[in-house]
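J.: The structure follows.
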Amino acid sequence: MRILLIHQNFPAQFVHLAPALIAAGHDVRVLTAETNQRSFDFPVYRYRTPQRSKAEGPGASYADAAMRGAVAARAAAALRREKGFVPDVVFGHGGWGETLFVRDVFPEARHLTYAEFFYRTSGADTDFDPEFSLPATDDTRIKVVARSAHLLQAAVVADAAVSPTHWQASTFPPEIRPKISVIHDGIDTARAAPDPSARLALPGTDIVLAPGDEVLSFVNRQLEPYRGYHIFMRALPAVLAARPAARVVIVGGDGQSYGPRLPEGQTWKAKFLKEVEGSIDPARVHFLGQVPYATYLSLIKVSRVHAYLTYPFVLGWSMLEAMAAGALVIGSDTPPVREVIRDGENGRLVGFFDVAGWSAALIAALADPRADDALRRAGRATVVEGYDLRTRALPRMMRFVTGGAA
């Protein structure tokens with residue numbers, strides 16, 4: 001089959017799918033943004049990054065998405081006109097508007113969309129955290145609804161959609177849900193697996209961590225409230241006081257992915273580190289920034305306890321990978337996490353805002369690791385049985401793309 005994959009930051013969710021499709025003999029092409037300068041072993045076409053629209057008010061977010069959709073559609077038309085490429089399947093992420101107009105470029109194709117999340121005014125991320133939520137005004141609600149306009153259009157124009165978790169699929173309107181297959185992107189449980197020989201050298205020190213050491217890990221793309229960084233930092237003073245041998249290793253950037261932004265020059269990392277300044281031993285809290293995947297894997301393999309917090313929002317791969325690697329995962333008691341972790345069966349759950357509860361749970365898990373061995377084994381089994389890349393996720397995703405029953 002001829003397959004066109006569309007994502008402004010490719011490979012993203014297609015990182016495993018694209019090579020598998022090529023290995024199966026399909027003719028795969030990629031359409032991505034010109035700002036994405038990664039190199040690939042298959043044909044990649046880039047569209048010019050659109051200018052921001054001049055629209056203001058509720059329509060601004062849709063206007064920006066439509067501008068991106070328009071340049072993506074023009075690039076797709078050039079691909080058809082100049083290269084003669086007419087795909088059987090077009091599969092794109094609906095989040096940025098890239099797929100809005102491509103159906104009219106390739107009306108012959110079967111169109112698929114990655115339905116990651118649908119913004120709504122209540123019951124998800126928007127009104128979850130009273131410390132950072134916008135005031136519940138009419139203007140706020142209108143803004144949230146407007147942010148989903150292009151997501152709705154992307155789902156409507158697609159023949160079928162896929163979402164990585166049941167809870168994320170449930171955020172979409174009832175009229176759309178029958179289109180959505182729930183298929184996770186997949187976890188490579190052969191790479192993310194317990195490894196007694198794993199080691200992690202901490203930069204700037206002579207410390208090398210190994211399995212069995214008293215390591216508490218926290219990982220996210222960016223250190224920000226959406227992923228509970230503020231709660232985690234507030235729990236640390238009690239943890240470090242109770243566990244004088246513990247080391248905390250934090251992976252994540254200083255940037256912003258989701259939610260409200262701080263004034264120019266300020267970061268969430270610095271803000272909440274300053275809040276606990278004087279209450280923690282900085283020599284035992286190691287910020288690694290954003291690290292290569294191999295370094296991250298070493299961290300979760302040496303971690304005794306992994307803390308994962310998230311608003312009711314997209315579930316990060318890191319939680320599942322930490323479970324697969326044999327760390328005890330203590331997760332926030334929020335819907336995306338509850339879909340995977342059953343408290344006391346394959347991990348632990350703590351209320352997102354319960355700082356004292358987080359401290360107590362982390363202290364207990366660090367203090368007596370053998371008591372949680374059964375949870376660690378069950379956590380890995382959960383991921384292997386339900387989310388394994390090669391035996392579960394990838395075969396289902398391949399069938400979804402090529403037209404078989406997912």
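Quick note on naming: the chains in the structure tokens go A, B, ... in the order shown, residues restart at 1 in each chain, and ligands are numbered from 1 in order of appearance.
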So that I can see what lies close to Gln37 (chain A), please list as a PyMOL selection string the residues with an atom at most 10 Å from it, counting only C-alpha atoms and leaving out residues fewer than 4 positions away in the same chain.
T.: chain A and resi 9-10+32-33+46
J.: Quick one: residues within 9 Å of region 344-355 of chain A, only C-alpha atoms counted, chain neighbours fewer than 4 positions away excluded, as JSON, numbers by chain?
T.: {"A": [129, 228, 231, 232, 234, 235, 309, 310, 311, 323, 328, 329, 330, 331, 332, 333, 334, 337, 338, 340, 359, 360, 361, 372, 374, 375, 376, 377, 378, 379, 380, 381, 382]}
J.: Can you work out which one of A:Arg221, A:Arg191, A:Arg120, A:Arg390 has the shortest atom-to-atom distance to His16 (chain A), counting only C-alpha atoms?
T.: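 Selected residue with least distance to His16 (chain A): A:Arg390.
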J.: If we count only C-alpha atoms, what is near Gly316 (chain A) at a cut-off of 12 Å, once residues fewer than 3 positions away on the same chain are taken out, given as a list in words?
T.: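 Neighbouring residues, sequence-local ones excluded: Gln13, Glu116, Pro164, Thr165, Gln168, His184, Asp185, Gly186, Ile187, Val219, Asn220, Arg221, Gln222, Tyr226, Arg227, Tyr308, Leu309, Thr310, Tyr311, Pro312, Phe313, Met319, Leu320, Glu321, Ala322, Gly331, Pro336, Val337 and Val340 of chain A.
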J.: If we count only C-alpha atoms and set the cut-off at 7 Å, which residues sit around Asp64 (chain A), ignoring sequence neighbours fewer than 3 positions away in its own chain? Please answer as a PyMOL selection string.
T.: chain A and resi 52-53+60-61+67-68
J.: Can you work out the spacing between CA of Trp167 (chain A) and CA of Tyr114 (chain A) in Å, to one decimal?
T.: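 CA of Tyr114 (chain A) lies at a distance of 14.4 Å from CA of Trp167 (chain A).
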J.: Quick one: of A:Glu224, A:Ala371, A:Val248, A:Glu339, who's nearest to Ala270 (chain A), counting only C-alpha atoms?
T.: A:Glu224
J.: For Ile142 (chain A), find every residue with an atom within 12 Å (counting only C-alpha atoms), except residues of its own chain fewer than 2 positions away, and show them as a list of chain:residue names.
T.: A:Gly57, A:Pro58, A:Gly59, A:Ala60, A:Ser61, A:Tyr119, A:Arg120, A:Thr121, A:Ala136, A:Thr137, A:Asp138, A:Asp139, A:Thr140, A:Val144, A:Val145, A:Ala146, A:Arg147, A:Ser148, A:Ala149
J.: From the list A:Leu5, A:Ala77, A:Leu273, A:Leu134, which residue is nearest Gly259 (chain A) when using only C-alpha atoms?
T.: A:Leu134
J.: So that I can check the secondary structure, give me every residue of region 60-253 of chain A assigned strand (DSSP E) by backbone DSSP, as a ChimeraX atom specification.
T.: /A:89-93,110-114,160-163,180-182,200-201,208-209,215-222,247-253
J.: Can I get the selection written as a short mmCIF file (atom, residue, chain, number, x, y, z; two decimals), in the first residue's frame, with N, CA and C atoms?
T.:
data_model
loop_
_atom_site.label_atom_id
_atom_site.label_comp_id
_atom_site.auth_asym_id
_atom_site.auth_seq_id
_atom_site.Cartn_x
_atom_site.Cartn_y
_atom_site.Cartn_z
N VAL A 89 -3.71 5.33 1.94
CA VAL A 89 -4.04 5.69 3.32
C VAL A 89 -3.30 6.97 3.69
N VAL A 90 -4.02 7.88 4.33
CA VAL A 90 -3.42 9.07 4.93
C VAL A 90 -3.68 9.00 6.43
N PHE A 91 -2.60 9.06 7.23
CA PHE A 91 -2.73 8.95 8.68
C PHE A 91 -1.97 10.11 9.30
N GLY A 92 -2.72 11.01 9.97
CA GLY A 92 -2.08 12.17 10.57
C GLY A 92 -2.59 12.43 11.98
N HIS A 93 -1.84 13.22 12.70
CA HIS A 93 -2.24 13.65 14.04
C HIS A 93 -3.15 14.87 13.88
N ARG A 110 -8.12 6.42 2.17
CA ARG A 110 -8.75 6.22 3.48
C ARG A 110 -8.02 7.11 4.47
N HIS A 111 -8.77 7.95 5.19
CA HIS A 111 -8.16 8.96 6.06
C HIS A 111 -8.32 8.58 7.52
N LEU A 112 -7.19 8.59 8.24
CA LEU A 112 -7.15 8.21 9.65
C LEU A 112 -6.59 9.38 10.45
N THR A 113 -7.06 9.52 11.69
CA THR A 113 -6.54 10.57 12.55
C THR A 113 -6.16 10.02 13.91
N TYR A 114 -5.09 10.56 14.46
CA TYR A 114 -4.67 10.23 15.82
C TYR A 114 -5.41 11.19 16.75
N ALA A 160 -11.64 6.98 10.24
CA ALA A 160 -11.47 6.28 11.51
C ALA A 160 -10.43 7.01 12.32
N ALA A 161 -10.46 6.78 13.62
CA ALA A 161 -9.54 7.46 14.53
C ALA A 161 -8.96 6.45 15.51
N VAL A 162 -7.85 6.83 16.12
CA VAL A 162 -7.24 5.98 17.13
C VAL A 162 -6.82 6.84 18.31
N SER A 163 -6.99 6.31 19.51
CA SER A 163 -6.59 6.98 20.74
C SER A 163 -5.79 6.00 21.58
N ILE A 180 -13.50 5.73 17.09
CA ILE A 180 -12.20 5.64 17.75
C ILE A 180 -11.88 4.22 18.18
N SER A 181 -10.76 3.71 17.71
CA SER A 181 -10.18 2.46 18.23
C SER A 181 -9.15 2.84 19.29
N VAL A 182 -9.13 2.12 20.39
CA VAL A 182 -8.16 2.38 21.45
C VAL A 182 -6.98 1.44 21.26
N LEU A 200 23.87 4.19 36.32
CA LEU A 200 23.65 5.58 35.93
C LEU A 200 24.67 6.46 36.63
N ALA A 201 25.58 7.05 35.86
CA ALA A 201 26.56 7.98 36.40
C ALA A 201 25.92 9.36 36.48
N VAL A 208 27.82 6.71 40.97
CA VAL A 208 27.24 5.81 39.98
C VAL A 208 26.14 5.01 40.68
N LEU A 209 24.93 5.15 40.21
CA LEU A 209 23.78 4.49 40.81
C LEU A 209 23.55 3.13 40.16
N VAL A 215 16.97 5.12 45.16
CA VAL A 215 16.80 6.13 44.11
C VAL A 215 15.32 6.40 43.92
N LEU A 216 14.96 7.68 43.94
CA LEU A 216 13.61 8.14 43.63
C LEU A 216 13.68 8.92 42.33
N SER A 217 12.92 8.52 41.33
CA SER A 217 12.97 9.17 40.02
C SER A 217 11.68 9.91 39.71
N PHE A 218 11.84 10.96 38.91
CA PHE A 218 10.71 11.76 38.43
C PHE A 218 11.08 12.20 37.02
N VAL A 219 10.22 11.91 36.05
CA VAL A 219 10.56 12.15 34.65
C VAL A 219 9.38 12.79 33.92
N ASN A 220 9.66 13.86 33.22
CA ASN A 220 8.70 14.43 32.28
C ASN A 220 9.43 15.23 31.22
N ARG A 221 8.76 15.44 30.10
CA ARG A 221 9.40 16.22 29.03
C ARG A 221 9.77 17.61 29.53
N GLN A 222 8.83 18.27 30.21
CA GLN A 222 9.08 19.56 30.83
C GLN A 222 8.64 19.50 32.29
N ARG A 247 18.53 9.36 47.09
CA ARG A 247 18.87 10.34 46.06
C ARG A 247 17.69 10.50 45.12
N VAL A 248 17.42 11.74 44.76
CA VAL A 248 16.31 12.06 43.88
C VAL A 248 16.88 12.47 42.53
N VAL A 249 16.44 11.81 41.47
CA VAL A 249 16.92 12.12 40.12
C VAL A 249 15.74 12.58 39.29
N ILE A 250 15.85 13.79 38.77
CA ILE A 250 14.75 14.44 38.05
C ILE A 250 15.17 14.69 36.62
N VAL A 251 14.37 14.21 35.67
CA VAL A 251 14.61 14.42 34.25
C VAL A 251 13.49 15.29 33.69
N GLY A 252 13.85 16.32 32.95
CA GLY A 252 12.85 17.19 32.33
C GLY A 252 13.45 18.53 31.98
N GLY A 253 12.87 19.17 30.99
CA GLY A 253 13.38 20.46 30.52
C GLY A 253 12.81 21.63 31.29
#
J.: I need the residue nearest Ala325 (chain A) from this list: A:Ala192, A:Val44, A:Met233, A:Leu151. Use only C-alpha atoms for the distance.
T.: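 Distance minimum relative to Ala325 (chain A) lands on A:Ala192.
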J.: Mind checking which residues fall within 9 Å of Arg304 (chain A), counting only C-alpha atoms, ignoring those fewer than 2 positions away in the same chain, and posting them as a list in words?
T.: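 The neighbour list is Pro211, Gly212, Asp213, Glu214, Val215, Leu216, Ser217, Ile300, Lys301, Val302, His306, Gly326, Ala327, Leu328, Val329, Ala365, Leu366 and Pro369 of chain A.
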J.: One decimal, in Å: what's the spacing between CA of Gln51 (chain A) and CA of Gly69 (chain A)?
T.: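 Result for CA of Gln51 (chain A) versus CA of Gly69 (chain A): 11.9 Å, one decimal.
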J.: Work out how far apart CA of Glu34 (chain A) and CA of Leu262 (chain A) are and give it in Å to one decimal.
T.: 28.0 Å
